[in-house]
file entry-v7.cif (mmCIF, C-alpha atoms)
data_upload
loop_
_atom_site.label_atom_id
_atom_site.label_comp_id
_atom_site.auth_asym_id
_atom_site.auth_seq_id
_atom_site.Cartn_x
_atom_site.Cartn_y
_atom_site.Cartn_z
CA MET O 127 10.70 -115.08 -156.76
CA ARG O 128 10.22 -117.37 -153.79
CA CYS O 129 8.17 -114.73 -152.01
CA LEU O 130 5.97 -114.33 -155.06
CA ASN O 131 5.21 -118.07 -155.14
CA ILE O 132 4.33 -118.05 -151.46
CA ALA O 133 1.87 -115.18 -152.04
CA ARG O 134 0.23 -117.02 -154.89
CA GLY O 135 -0.11 -120.09 -152.69
CA PHE O 136 -1.99 -118.10 -150.06
CA ARG O 137 -4.40 -116.69 -152.68
CA THR O 138 -5.07 -120.17 -154.07
CA ALA O 139 -5.79 -121.54 -150.60
CA ALA O 140 -8.15 -118.65 -149.88
CA LEU O 141 -10.01 -119.15 -153.15
CA GLY O 142 -10.30 -122.86 -152.37
CA ALA O 143 -11.77 -122.07 -149.01
CA VAL O 144 -14.35 -119.77 -150.59
CA LEU O 145 -15.30 -122.39 -153.14
CA CYS O 146 -15.65 -125.01 -150.45
CA ALA O 147 -17.89 -122.65 -148.50
CA ASP O 148 -20.04 -122.09 -151.57
CA LEU O 149 -20.26 -125.81 -152.22
CA SER O 150 -21.18 -126.42 -148.61
CA ALA O 151 -23.93 -123.83 -148.97
CA CYS O 152 -25.13 -125.49 -152.16
CA GLY O 153 -25.05 -128.81 -150.39
CA GLY O 154 -27.16 -127.30 -147.62
CA HIS O 155 -29.81 -126.15 -150.14
CA GLY O 156 -29.83 -129.54 -151.72
CA ALA O 157 -30.70 -131.10 -148.39
CA GLU O 158 -33.75 -128.79 -148.07
CA ALA O 159 -35.04 -129.51 -151.58
CA PRO O 160 -37.24 -132.51 -150.61
CA SER O 161 -39.21 -130.39 -148.06
CA SER O 162 -39.75 -127.54 -150.55
CA SER O 163 -41.13 -130.01 -153.11
CA VAL O 164 -44.12 -130.85 -150.86
CA PRO O 165 -47.08 -128.87 -152.32
CA GLN O 166 -49.10 -126.57 -150.15
CA VAL O 167 -52.92 -126.80 -150.18
CA THR O 168 -55.65 -124.79 -148.49
CA VAL O 169 -58.12 -126.79 -146.44
CA VAL O 170 -61.35 -126.23 -144.54
CA GLU O 171 -62.12 -128.29 -141.47
CA LEU O 172 -65.72 -129.47 -141.66
CA LYS O 173 -67.98 -128.94 -138.66
CA VAL O 174 -71.47 -130.03 -137.68
CA GLN O 175 -73.84 -127.08 -137.36
CA PRO O 176 -77.56 -126.23 -137.52
CA VAL O 177 -78.59 -125.75 -141.15
CA THR O 178 -81.75 -123.97 -142.28
CA MET O 179 -83.24 -125.88 -145.19
CA MET O 180 -84.31 -123.50 -147.95
CA SER O 181 -85.95 -124.20 -151.30
CA ASN O 182 -85.76 -121.73 -154.19
CA LEU O 183 -88.70 -122.61 -156.41
CA PRO O 184 -90.07 -121.00 -159.59
CA GLY O 185 -93.71 -120.03 -159.79
CA ARG O 186 -96.33 -117.53 -160.91
CA THR O 187 -98.71 -115.18 -159.21
CA SER O 188 -102.49 -115.57 -159.24
CA ALA O 189 -105.35 -113.44 -157.93
CA TYR O 190 -106.59 -113.99 -154.38
CA LEU O 191 -110.22 -113.79 -155.54
CA ILE O 192 -111.65 -113.91 -159.08
CA ALA O 193 -115.27 -113.17 -159.99
CA GLU O 194 -116.66 -113.24 -163.51
CA VAL O 195 -119.62 -110.87 -163.83
CA ARG O 196 -122.56 -112.45 -165.67
CA PRO O 197 -126.22 -111.38 -166.03
CA GLN O 198 -128.87 -113.33 -164.15
CA VAL O 199 -131.73 -111.91 -166.26
CA SER O 200 -131.96 -110.99 -169.93
CA GLY O 201 -132.14 -107.45 -171.21
CA ILE O 202 -130.58 -104.57 -173.11
CA VAL O 203 -127.62 -102.80 -171.50
CA LYS O 204 -128.68 -99.21 -170.80
CA ARG O 205 -125.60 -97.98 -168.94
CA ARG O 206 -122.12 -99.01 -167.77
CA ASN O 207 -121.16 -97.47 -164.44
CA PHE O 208 -117.45 -98.22 -164.04
CA VAL O 209 -114.12 -97.31 -165.58
CA GLU O 210 -112.29 -100.18 -167.25
CA GLY O 211 -109.10 -101.04 -165.40
CA GLY O 212 -110.23 -99.30 -162.23
CA ASN O 213 -111.20 -100.50 -158.78
CA VAL O 214 -114.72 -101.39 -157.73
CA VAL O 215 -116.28 -102.27 -154.39
CA ALA O 216 -118.66 -105.11 -153.57
CA GLY O 217 -122.28 -104.09 -154.21
CA GLN O 218 -121.41 -101.35 -156.69
CA VAL O 219 -123.76 -101.24 -159.72
CA LEU O 220 -121.71 -102.11 -162.79
CA TYR O 221 -124.37 -102.41 -165.51
CA GLU O 222 -127.98 -101.24 -165.70
CA LEU O 223 -130.33 -103.23 -167.93
CA ASP O 224 -133.66 -102.06 -169.34
CA ASP O 225 -135.95 -103.06 -166.45
CA SER O 226 -139.32 -101.99 -167.91
CA LEU O 227 -140.62 -105.55 -168.19
CA TYR O 228 -139.39 -106.58 -164.75
CA ARG O 229 -140.83 -103.44 -163.14
CA ALA O 230 -144.22 -104.15 -164.73
CA GLU O 231 -144.12 -107.72 -163.44
CA TYR O 232 -143.28 -106.40 -159.99
CA GLU O 233 -146.19 -103.95 -160.00
CA SER O 234 -148.53 -106.68 -161.25
CA ALA O 235 -147.41 -109.00 -158.45
CA LYS O 236 -148.03 -106.27 -155.88
CA ALA O 237 -151.55 -105.74 -157.26
CA GLY O 238 -152.20 -109.48 -157.05
CA LEU O 239 -151.09 -109.44 -153.43
CA GLN O 240 -153.47 -106.60 -152.63
CA ARG O 241 -156.35 -108.49 -154.27
CA ALA O 242 -155.53 -111.64 -152.29
CA GLN O 243 -155.36 -109.65 -149.07
CA ALA O 244 -158.82 -108.14 -149.77
CA ILE O 245 -160.22 -111.60 -150.39
CA VAL O 246 -158.74 -112.96 -147.19
CA SER O 247 -160.27 -110.09 -145.21
CA ALA O 248 -163.74 -110.90 -146.55
CA ALA O 249 -163.24 -114.62 -145.97
CA ARG O 250 -162.12 -113.96 -142.40
CA LEU O 251 -165.29 -111.95 -141.65
CA ALA O 252 -167.48 -114.64 -143.25
CA ALA O 253 -165.81 -117.36 -141.22
CA ALA O 254 -166.29 -115.36 -138.02
CA ARG O 255 -170.04 -114.83 -138.71
CA SER O 256 -170.46 -118.47 -139.59
CA ALA O 257 -168.84 -119.52 -136.35
CA GLU O 258 -171.38 -117.45 -134.36
CA LEU O 259 -174.37 -118.58 -136.38
CA VAL O 260 -173.51 -122.27 -136.14
CA LYS O 261 -173.76 -121.97 -132.36
CA ILE O 262 -177.50 -121.15 -132.64
CA ASP O 263 -178.06 -123.53 -135.53
CA ALA O 264 -178.63 -120.61 -137.90
CA VAL O 265 -176.32 -122.24 -140.44
CA SER O 266 -175.44 -125.83 -140.96
CA ALA O 267 -172.15 -127.29 -139.85
CA GLN O 268 -171.28 -127.95 -143.49
CA ASP O 269 -171.71 -124.26 -144.38
CA ASN O 270 -169.52 -123.30 -141.43
CA GLU O 271 -166.81 -125.71 -142.57
CA SER O 272 -166.99 -124.27 -146.08
CA ALA O 273 -166.47 -120.75 -144.67
CA VAL O 274 -163.45 -121.89 -142.69
CA ALA O 275 -162.03 -123.63 -145.78
CA ALA O 276 -162.58 -120.51 -147.86
CA LEU O 277 -160.62 -118.51 -145.31
CA GLY O 278 -157.73 -120.99 -145.49
CA GLN O 279 -157.72 -120.86 -149.28
CA ALA O 280 -157.69 -117.06 -149.23
CA GLU O 281 -154.74 -117.04 -146.82
CA ALA O 282 -152.89 -119.44 -149.14
CA GLU O 283 -153.53 -117.09 -152.04
CA VAL O 284 -152.00 -114.28 -150.03
CA ALA O 285 -148.87 -116.39 -149.39
CA ALA O 286 -148.59 -117.19 -153.11
CA ALA O 287 -149.02 -113.52 -153.99
CA GLN O 288 -146.29 -112.56 -151.51
CA ALA O 289 -143.93 -115.09 -153.12
CA ALA O 290 -144.73 -113.66 -156.55
CA VAL O 291 -143.89 -110.17 -155.30
CA ALA O 292 -140.59 -111.38 -153.84
CA SER O 293 -139.69 -113.20 -157.08
CA SER O 294 -140.47 -110.20 -159.26
CA ALA O 295 -138.51 -107.96 -156.87
CA VAL O 296 -135.45 -110.22 -157.28
CA ASN O 297 -135.69 -110.11 -161.08
CA LEU O 298 -136.08 -106.34 -160.93
CA ALA O 299 -132.95 -106.09 -158.76
CA TYR O 300 -131.03 -108.39 -161.12
CA ALA O 301 -131.56 -105.80 -163.86
CA HIS O 302 -128.94 -103.79 -161.93
CA ILE O 303 -125.79 -105.96 -162.15
CA VAL O 304 -123.57 -105.36 -159.12
CA ALA O 305 -119.97 -106.27 -158.24
CA PRO O 306 -119.85 -109.51 -156.21
CA ILE O 307 -116.43 -108.67 -154.73
CA SER O 308 -114.14 -105.68 -154.33
CA GLY O 309 -111.09 -105.53 -156.55
CA HIS O 310 -109.58 -104.56 -159.87
CA ILE O 311 -111.95 -104.81 -162.83
CA GLY O 312 -110.74 -105.48 -166.36
CA LYS O 313 -112.21 -104.52 -169.70
CA SER O 314 -115.92 -104.66 -170.44
CA ASN O 315 -116.94 -107.25 -173.03
CA VAL O 316 -120.25 -105.51 -173.82
CA THR O 317 -121.25 -101.96 -174.61
CA GLN O 318 -124.38 -99.90 -174.15
CA GLY O 319 -127.20 -101.27 -176.29
CA ALA O 320 -125.95 -104.86 -176.27
CA LEU O 321 -128.36 -107.68 -175.53
CA VAL O 322 -127.32 -109.95 -172.67
CA THR O 323 -129.04 -113.14 -171.61
CA ALA O 324 -129.37 -114.95 -168.32
CA GLU O 325 -126.72 -117.62 -167.68
CA GLN O 326 -124.77 -116.74 -170.82
CA ALA O 327 -121.32 -118.30 -171.21
CA ALA O 328 -119.38 -115.09 -171.86
CA ALA O 329 -118.63 -112.89 -168.85
CA LEU O 330 -119.46 -109.20 -169.02
CA ALA O 331 -116.25 -108.37 -167.10
CA THR O 332 -113.84 -109.95 -164.61
CA ILE O 333 -112.96 -108.65 -161.15
CA GLN O 334 -109.76 -109.73 -159.40
CA GLN O 335 -108.72 -109.06 -155.83
CA LEU O 336 -104.94 -108.58 -155.84
CA ASP O 337 -104.18 -107.68 -152.22
CA PRO O 338 -103.16 -110.11 -150.91
CA ILE O 339 -102.07 -112.22 -153.87
CA TYR O 340 -101.17 -115.88 -154.29
CA VAL O 341 -97.78 -117.17 -155.40
CA GLU O 342 -98.06 -120.72 -156.72
CA VAL O 343 -94.85 -122.73 -157.06
CA ASN O 344 -94.06 -126.33 -157.95
CA GLN O 345 -91.78 -128.63 -155.99
CA SER O 346 -90.55 -131.97 -157.26
CA SER O 347 -91.91 -135.00 -155.47
CA SER O 348 -88.36 -136.37 -155.05
CA GLU O 349 -87.29 -133.30 -153.06
CA TRP O 350 -90.42 -133.51 -150.93
CA LEU O 351 -89.85 -137.24 -150.37
CA ALA O 352 -86.29 -136.64 -149.16
CA LEU O 353 -87.48 -133.85 -146.85
CA LYS O 354 -90.34 -136.00 -145.54
CA GLN O 355 -87.93 -138.84 -144.74
CA ASP O 356 -85.63 -136.42 -142.89
CA ILE O 357 -88.61 -135.09 -140.92
CA ASP O 358 -89.85 -138.59 -140.06
CA ALA O 359 -86.34 -139.63 -138.99
CA GLY O 360 -86.05 -136.58 -136.74
CA ARG O 361 -83.14 -135.08 -138.66
CA VAL O 362 -85.16 -132.01 -139.62
CA GLN O 363 -87.55 -130.03 -137.44
CA THR O 364 -90.17 -128.15 -139.42
CA ASP O 365 -93.58 -126.53 -139.34
CA ARG O 366 -94.60 -125.98 -142.95
CA SER O 367 -97.92 -124.53 -141.87
CA GLY O 368 -97.38 -120.80 -142.15
CA ALA O 369 -93.67 -121.13 -143.02
CA PRO O 370 -92.19 -117.81 -144.24
CA ALA O 371 -91.74 -117.31 -147.97
CA LYS O 372 -89.34 -114.76 -149.42
CA ILE O 373 -90.30 -113.63 -152.93
CA LEU O 374 -87.82 -112.77 -155.68
CA LEU O 375 -89.07 -110.80 -158.70
CA GLU O 376 -88.30 -111.92 -162.25
CA ASN O 377 -85.37 -109.48 -162.41
CA GLY O 378 -83.86 -111.11 -159.32
CA GLU O 379 -84.66 -108.24 -156.95
CA PRO O 380 -86.21 -109.20 -153.58
CA TYR O 381 -89.84 -108.24 -153.06
CA ALA O 382 -90.46 -105.84 -150.18
CA HIS O 383 -93.08 -107.96 -148.41
CA GLN O 384 -92.62 -111.49 -147.09
CA GLY O 385 -95.37 -114.04 -147.56
CA LYS O 386 -96.17 -117.27 -145.82
CA LEU O 387 -96.88 -120.78 -147.02
CA GLN O 388 -100.62 -121.42 -146.91
CA PHE O 389 -101.34 -124.61 -148.83
CA ALA O 390 -99.61 -127.75 -150.12
CA ASP O 391 -101.40 -129.98 -152.59
CA VAL O 392 -101.69 -133.70 -151.99
CA THR O 393 -101.65 -134.75 -155.65
CA VAL O 394 -98.53 -135.12 -157.80
CA ASP O 395 -98.80 -134.13 -161.46
CA SER O 396 -98.14 -137.34 -163.38
CA THR O 397 -96.68 -135.45 -166.35
CA THR O 398 -94.13 -133.33 -164.44
CA GLY O 399 -93.63 -135.15 -161.14
CA ASN O 400 -94.31 -131.91 -159.27
CA PHE O 401 -96.95 -130.84 -156.79
CA LEU O 402 -98.34 -127.42 -156.00
CA LEU O 403 -97.36 -125.16 -153.11
CA ARG O 404 -99.21 -121.89 -152.54
CA ALA O 405 -98.00 -118.88 -150.56
CA ILE O 406 -100.08 -115.82 -149.70
CA VAL O 407 -98.22 -112.51 -150.09
CA PRO O 408 -99.23 -108.91 -149.22
CA ASN O 409 -99.52 -106.70 -152.30
CA PRO O 410 -100.50 -103.23 -151.02
CA ASN O 411 -98.90 -101.32 -153.89
CA GLY O 412 -100.16 -103.61 -156.65
CA LEU O 413 -96.63 -104.40 -157.83
CA LEU O 414 -97.46 -108.07 -158.33
CA LEU O 415 -99.93 -108.79 -161.12
CA PRO O 416 -101.57 -112.12 -161.96
CA GLY O 417 -99.41 -114.32 -164.19
CA MET O 418 -96.05 -112.74 -163.26
CA TYR O 419 -93.03 -115.06 -163.02
CA VAL O 420 -91.41 -115.02 -159.57
CA ARG O 421 -89.32 -117.26 -157.35
CA ALA O 422 -90.23 -118.21 -153.81
CA VAL O 423 -87.59 -119.03 -151.21
CA LEU O 424 -89.30 -121.27 -148.67
CA ASN O 425 -88.03 -122.16 -145.21
CA GLU O 426 -88.58 -125.92 -144.99
CA GLY O 427 -87.07 -126.53 -141.56
CA VAL O 428 -83.82 -126.80 -139.61
CA ARG O 429 -81.37 -129.73 -139.62
CA ALA O 430 -79.72 -129.61 -136.22
CA GLN O 431 -76.76 -131.82 -137.25
CA GLY O 432 -75.99 -130.52 -140.71
CA LEU O 433 -72.62 -130.85 -142.44
CA LEU O 434 -71.74 -128.21 -145.04
CA ALA O 435 -68.85 -128.41 -147.50
CA PRO O 436 -67.67 -125.57 -149.79
CA GLN O 437 -68.73 -126.14 -153.38
CA VAL O 438 -65.18 -125.50 -154.64
CA GLY O 439 -64.05 -128.63 -152.78
CA ILE O 440 -66.57 -130.97 -154.43
CA THR O 441 -66.05 -132.18 -157.99
CA ARG O 442 -68.05 -134.45 -160.27
CA ASP O 443 -66.92 -136.91 -162.91
CA PRO O 444 -68.61 -137.24 -166.35
CA LYS O 445 -71.12 -139.66 -164.80
CA GLY O 446 -72.12 -137.10 -162.19
CA VAL O 447 -70.53 -138.90 -159.22
CA ALA O 448 -69.37 -136.38 -156.60
CA SER O 449 -65.95 -136.71 -154.96
CA ALA O 450 -63.64 -134.76 -152.69
CA LEU O 451 -60.01 -134.74 -151.60
CA ILE O 452 -59.11 -134.44 -147.93
CA VAL O 453 -55.89 -134.34 -145.94
CA ASP O 454 -55.74 -137.27 -143.52
CA LYS O 455 -54.06 -137.30 -140.10
CA GLY O 456 -50.78 -138.39 -141.69
CA GLY O 457 -50.70 -135.33 -143.93
CA LYS O 458 -51.47 -137.24 -147.10
CA VAL O 459 -54.19 -136.72 -149.68
CA GLU O 460 -57.17 -139.09 -149.49
CA ALA O 461 -59.98 -139.35 -152.05
CA ARG O 462 -63.58 -139.69 -150.92
CA THR O 463 -66.78 -140.44 -152.85
CA VAL O 464 -69.52 -138.24 -151.40
CA ARG O 465 -73.24 -137.73 -151.72
CA VAL O 466 -74.69 -134.22 -151.50
CA SER O 467 -78.35 -133.22 -151.55
CA ARG O 468 -78.72 -129.46 -152.01
CA THR O 469 -76.87 -126.17 -152.03
CA ILE O 470 -76.97 -123.83 -149.05
CA GLY O 471 -75.47 -120.57 -150.31
CA ASP O 472 -72.02 -121.44 -151.70
CA GLN O 473 -71.88 -124.79 -149.90
CA TRP O 474 -73.20 -128.31 -150.38
CA LEU O 475 -75.20 -130.13 -147.74
CA VAL O 476 -73.33 -133.42 -147.34
CA GLU O 477 -75.32 -136.59 -146.82
CA LYS O 478 -72.58 -139.20 -147.00
CA GLY O 479 -68.82 -139.58 -147.53
CA LEU O 480 -67.52 -136.81 -145.27
CA SER O 481 -67.71 -136.28 -141.53
CA ALA O 482 -66.97 -133.62 -138.95
CA GLY O 483 -63.24 -132.98 -138.52
CA ASP O 484 -62.29 -133.87 -142.10
CA ARG O 485 -59.94 -131.34 -143.70
CA LEU O 486 -61.35 -130.69 -147.16
CA ILE O 487 -58.97 -129.36 -149.81
CA VAL O 488 -60.46 -126.23 -151.39
CA GLU O 489 -57.36 -124.76 -153.11
CA GLY O 490 -54.49 -126.55 -154.85
CA LEU O 491 -56.55 -129.48 -156.12
CA GLN O 492 -54.83 -129.41 -159.52
CA LYS O 493 -51.35 -130.12 -158.12
CA VAL O 494 -52.11 -133.06 -155.83
CA ARG O 495 -53.25 -136.64 -156.16
CA PRO O 496 -54.35 -139.33 -153.68
CA GLY O 497 -51.51 -140.62 -151.48
CA MET O 498 -49.31 -137.57 -151.96
CA PRO O 499 -47.96 -135.82 -148.85
CA VAL O 500 -48.99 -132.17 -148.65
CA HIS O 501 -48.60 -129.16 -146.42
CA ALA O 502 -52.13 -128.18 -145.33
CA VAL O 503 -52.98 -124.59 -144.40
CA GLU O 504 -56.35 -123.56 -143.00
CA ARG O 505 -58.22 -121.19 -145.30
CA ALA O 506 -58.45 -118.49 -142.64
CA ALA O 507 -54.69 -118.63 -142.05
CA ALA O 508 -54.03 -118.58 -145.80
CA ALA O 509 -56.23 -115.53 -146.20
CA ASP O 510 -54.35 -113.72 -143.38
CA ALA O 511 -51.00 -114.54 -144.96
CA THR O 512 -52.18 -113.21 -148.33
CA ALA O 513 -53.36 -109.99 -146.69
CA GLU O 514 -49.98 -109.51 -144.97
CA ASN O 515 -48.11 -110.00 -148.27
CA ARG O 516 -50.22 -107.29 -149.83
#

call {"tool": "encode", "arguments": {"input": "entry-v7.cif", "output": "structure tokens"}}
result
Amino acid sequence: MRCLNIARGFRTAALGAVLCADLSACGGHGAEAPSSSVPQVTVVELKVQPVTMMSNLPGRTSAYLIAEVRPQVSGIVKRRNFVEGGNVVAGQVLYELDDSLYRAEYESAKAGLQRAQAIVSAARLAAARSAELVKIDAVSAQDNESAVAALGQAEAEVAAAQAAVASSAVNLAYAHIVAPISGHIGKSNVTQGALVTAEQAAALATIQQLDPIYVEVNQSSSEWLALKQDIDAGRVQTDRSGAPAKILLENGEPYAHQGKLQFADVTVDSTTGNFLLRAIVPNPNGLLLPGMYVRAVLNEGVRAQGLLAPQVGITRDPKGVASALIVDKGGKVEARTVRVSRTIGDQWLVEKGLSAGDRLIVEGLQKVRPGMPVHAVERAAAADATAENR
């Protein structure tokens, strides 16, 4: 019996030792609990870098050249010499009017010129004879002066007749209405047999040159003012004259050809607060048509000392005030009120509130608050750790 009690005593002591070991282990975990309660956040260290300033602006296309075809003389349309919707070249005859009246006037003017030339020939001979006869006093000086005056009058009649011929020739040519420019011609507003009149309000047809083509966009005056101030302060270097323009079609696809900025208006629309920018874009395949909606991405310049912050790290309150959370040097969360101006890809261009070297929290924002200690991990390191776990 005594031996049995001794054995039980040993088992009890051993069990007590095990329990004490377990409690010691539990006590050890309890000591580590405060460190495991510190939340982990992912941060991005902000750096100063050159930033290309881009503007993505909506706009519409317009023809490079537009010419409305109108008659310069009146007449009946005898023939139309083009296919509606086709291409025409400058100088091509588009419409032929009945030119019978204008041809008759031209022939009459030519006959008048011939008559005037015959008269001037006779007057020239008479003046020459008079000049010889006056030398021997065969005619009076007055008669000689009259002969010379008659010659001058005849020469003036010839000049007037020549002008009449030229005028009638112009009217005769106007009876053949030609294309003033090369380009794409639309529908005809008149048919064969229609009467057209000189200087009429309605155009016979419209020709548009579409290669190259204009892209006209509108930029707000506030954006331009901010850019102008940056340029004047030396923060942005730019040359808007001939700046490249990337075109996006209305379905979001990029256009194959890049244009360049050609013109910036100097007047702000008082109703919209915008002003016009115009880019010229190659259009060899005729993909762009007048009136199409497009977007133009314009290169406005380079900010040498730009500070970019990921959009996921910037939040706004109901009033629109932007703010960010950073991790300070002591490892605690600090709130900052920031001012941003524009988006560059998936980042904001920071104007105020953040500086180079700040560690911006981009993940774990929901579980922290200002003043709380956190364990900060760089986003690149966090991404590597996630990849390893996979």

call {"tool": "closest_residue", "arguments": {"input": "entry-v7.cif", "among": "O:Pro197, O:Gly479, O:Gly417, O:Pro444", "to": "Glu325 (chain O)", "atoms": "all atoms listed in the file"}}
result
O:Pro197

call {"tool": "resolve_selection", "arguments": {"input": "entry-v7.cif", "expression": "the PyMOL selection byres ((chain O and resi 369) around 12)", "output": "list in words"}}
result
Met179, Met180, Ser181, Thr364, Asp365, Arg366, Ser367, Gly368, Pro370, Ala371, Lys372, Gln384, Gly385, Lys386, Leu387, Gln388, Phe389, Ala390, Leu403, Arg404, Ala405, Ile406, Ala422, Val423, Leu424, Asn425, Glu426, Gly427 and Val428 of chain O

call {"tool": "resolve_selection", "arguments": {"input": "entry-v7.cif", "expression": "the PyMOL selection byres ((chain O and resi 496) around 8)", "output": "ChimeraX atom specification"}}
result
/O:451,458-461,494-495,497-498

call {"tool": "residues_around", "arguments": {"input": "entry-v7.cif", "residues": "region 333-350 of chain O", "least_positions_apart": "3", "cutoff": "9 Å", "atoms": "all atoms listed in the file", "output": "JSON, numbers by chain"}}
result
{"O": [181, 183, 184, 185, 186, 187, 188, 189, 190, 191, 192, 193, 194, 195, 213, 214, 305, 306, 307, 308, 309, 310, 311, 312, 353, 354, 355, 373, 385, 394, 398, 399, 400, 401, 402, 403, 404, 405, 406, 407, 408, 409, 410, 411, 412, 414, 415, 416, 420, 421, 422]}

call {"tool": "write_last_selection", "arguments": {"input": "entry-v7.cif", "atoms": "C-alpha atoms", "output": "CSV table (one decimal), in the frame of the given file"}}
result
chain,number,residue,atom,x,y,z
O,181,SER,CA,-86.0,-124.2,-151.3
O,183,LEU,CA,-88.7,-122.6,-156.4
O,184,PRO,CA,-90.1,-121.0,-159.6
O,185,GLY,CA,-93.7,-120.0,-159.8
O,186,ARG,CA,-96.3,-117.5,-160.9
O,187,THR,CA,-98.7,-115.2,-159.2
O,188,SER,CA,-102.5,-115.6,-159.2
O,189,ALA,CA,-105.4,-113.4,-157.9
O,190,TYR,CA,-106.6,-114.0,-154.4
O,191,LEU,CA,-110.2,-113.8,-155.5
O,192,ILE,CA,-111.6,-113.9,-159.1
O,193,ALA,CA,-115.3,-113.2,-160.0
O,194,GLU,CA,-116.7,-113.2,-163.5
O,195,VAL,CA,-119.6,-110.9,-163.8
O,213,ASN,CA,-111.2,-100.5,-158.8
O,214,VAL,CA,-114.7,-101.4,-157.7
O,305,ALA,CA,-120.0,-106.3,-158.2
O,306,PRO,CA,-119.8,-109.5,-156.2
O,307,ILE,CA,-116.4,-108.7,-154.7
O,308,SER,CA,-114.1,-105.7,-154.3
O,309,GLY,CA,-111.1,-105.5,-156.6
O,310,HIS,CA,-109.6,-104.6,-159.9
O,311,ILE,CA,-112.0,-104.8,-162.8
O,312,GLY,CA,-110.7,-105.5,-166.4
O,353,LEU,CA,-87.5,-133.8,-146.8
O,354,LYS,CA,-90.3,-136.0,-145.5
O,355,GLN,CA,-87.9,-138.8,-144.7
O,373,ILE,CA,-90.3,-113.6,-152.9
O,385,GLY,CA,-95.4,-114.0,-147.6
O,394,VAL,CA,-98.5,-135.1,-157.8
O,398,THR,CA,-94.1,-133.3,-164.4
O,399,GLY,CA,-93.6,-135.2,-161.1
O,400,ASN,CA,-94.3,-131.9,-159.3
O,401,PHE,CA,-97.0,-130.8,-156.8
O,402,LEU,CA,-98.3,-127.4,-156.0
O,403,LEU,CA,-97.4,-125.2,-153.1
O,404,ARG,CA,-99.2,-121.9,-152.5
O,405,ALA,CA,-98.0,-118.9,-150.6
O,406,ILE,CA,-100.1,-115.8,-149.7
O,407,VAL,CA,-98.2,-112.5,-150.1
O,408,PRO,CA,-99.2,-108.9,-149.2
O,409,ASN,CA,-99.5,-106.7,-152.3
O,410,PRO,CA,-100.5,-103.2,-151.0
O,411,ASN,CA,-98.9,-101.3,-153.9
O,412,GLY,CA,-100.2,-103.6,-156.6
O,414,LEU,CA,-97.5,-108.1,-158.3
O,415,LEU,CA,-99.9,-108.8,-161.1
O,416,PRO,CA,-101.6,-112.1,-162.0
O,420,VAL,CA,-91.4,-115.0,-159.6
O,421,ARG,CA,-89.3,-117.3,-157.4
O,422,ALA,CA,-90.2,-118.2,-153.8

call {"tool": "resolve_selection", "arguments": {"input": "entry-v7.cif", "expression": "the PyMOL selection byres ((chain O and resi 172) around 8)", "output": "PyMOL selection string"}}
result
chain O and resi 170-171+173-174+433-435+481-486

call {"tool": "closest_residue", "arguments": {"input": "entry-v7.cif", "among": "O:Ile262, O:Val291, O:Val453, O:Val316", "to": "Val167 (chain O)", "atoms": "all atoms listed in the file"}}
result
O:Val453

call {"tool": "residues_around", "arguments": {"input": "entry-v7.cif", "residues": "Ala285 (chain O)", "least_positions_apart": "4", "cutoff": "12 Å", "atoms": "all atoms listed in the file", "output": "list in words"}}
result
Ala235, Gly238, Leu239, Gln240, Arg241, Ala242, Gln243, Val246, Gly278, Gln279, Ala280, Glu281, Ala289, Ala290, Val291 and Ala292 of chain O

call {"tool": "closest_residue", "arguments": {"input": "entry-v7.cif", "among": "O:Ala430, O:Val177, O:Leu413, O:Ala324", "to": "Asn297 (chain O)", "atoms": "all atoms listed in the file"}}
result
O:Ala324

call {"tool": "atom_distance", "arguments": {"input": "entry-v7.cif", "atom1": "CA of Val164 (chain O)", "atom2": "CA of Thr441 (chain O)"}}
result
23.1 Å

call {"tool": "residues_around", "arguments": {"input": "entry-v7.cif", "residues": "Ala301 (chain O)", "least_positions_apart": "3", "cutoff": "12 Å", "atoms": "all atoms listed in the file", "output": "ChimeraX atom specification"}}
result
/O:196-205,219-229,294-298,304,322-324

call {"tool": "atom_distance", "arguments": {"input": "entry-v7.cif", "atom1": "CA of Val447 (chain O)", "atom2": "CA of Ile487 (chain O)"}}
result
17.7 Å

call {"tool": "closest_residue", "arguments": {"input": "entry-v7.cif", "among": "O:Arg462, O:Arg206, O:Asp454, O:Ala230", "to": "Ala320 (chain O)", "atoms": "all atoms listed in the file"}}
result
O:Arg206

call {"tool": "atom_distance", "arguments": {"input": "entry-v7.cif", "atom1": "CA of Thr397 (chain O)", "atom2": "CA of Arg465 (chain O)"}}
result
27.7 Å

call {"tool": "residues_around", "arguments": {"input": "entry-v7.cif", "residues": "Val438 (chain O)", "least_positions_apart": "5", "cutoff": "10 Å", "atoms": "all atoms listed in the file", "output": "ChimeraX atom specification"}}
result
/O:450,472-474,486-489,491

call {"tool": "closest_residue", "arguments": {"input": "entry-v7.cif", "among": "O:Gln166, O:Gln175, O:Asn182, O:Ser449", "to": "Leu374 (chain O)", "atoms": "all atoms listed in the file"}}
result
O:Asn182

call {"tool": "closest_residue", "arguments": {"input": "entry-v7.cif", "among": "O:Gln288, O:Ser163, O:Ser293, O:Thr168", "to": "Ile452 (chain O)", "atoms": "all atoms listed in the file"}}
result
O:Thr168

call {"tool": "axis_aligned_box", "arguments": {"input": "entry-v7.cif", "around": "region 261-271 of chain O", "padding_each_side": "8 Å", "output": "lines of an AutoDock Vina configuration file"}}
result
center_x = -172.7
center_y = -124.3
center_z = -138.4
size_x = 27.8
size_y = 23.3
size_z = 28.0
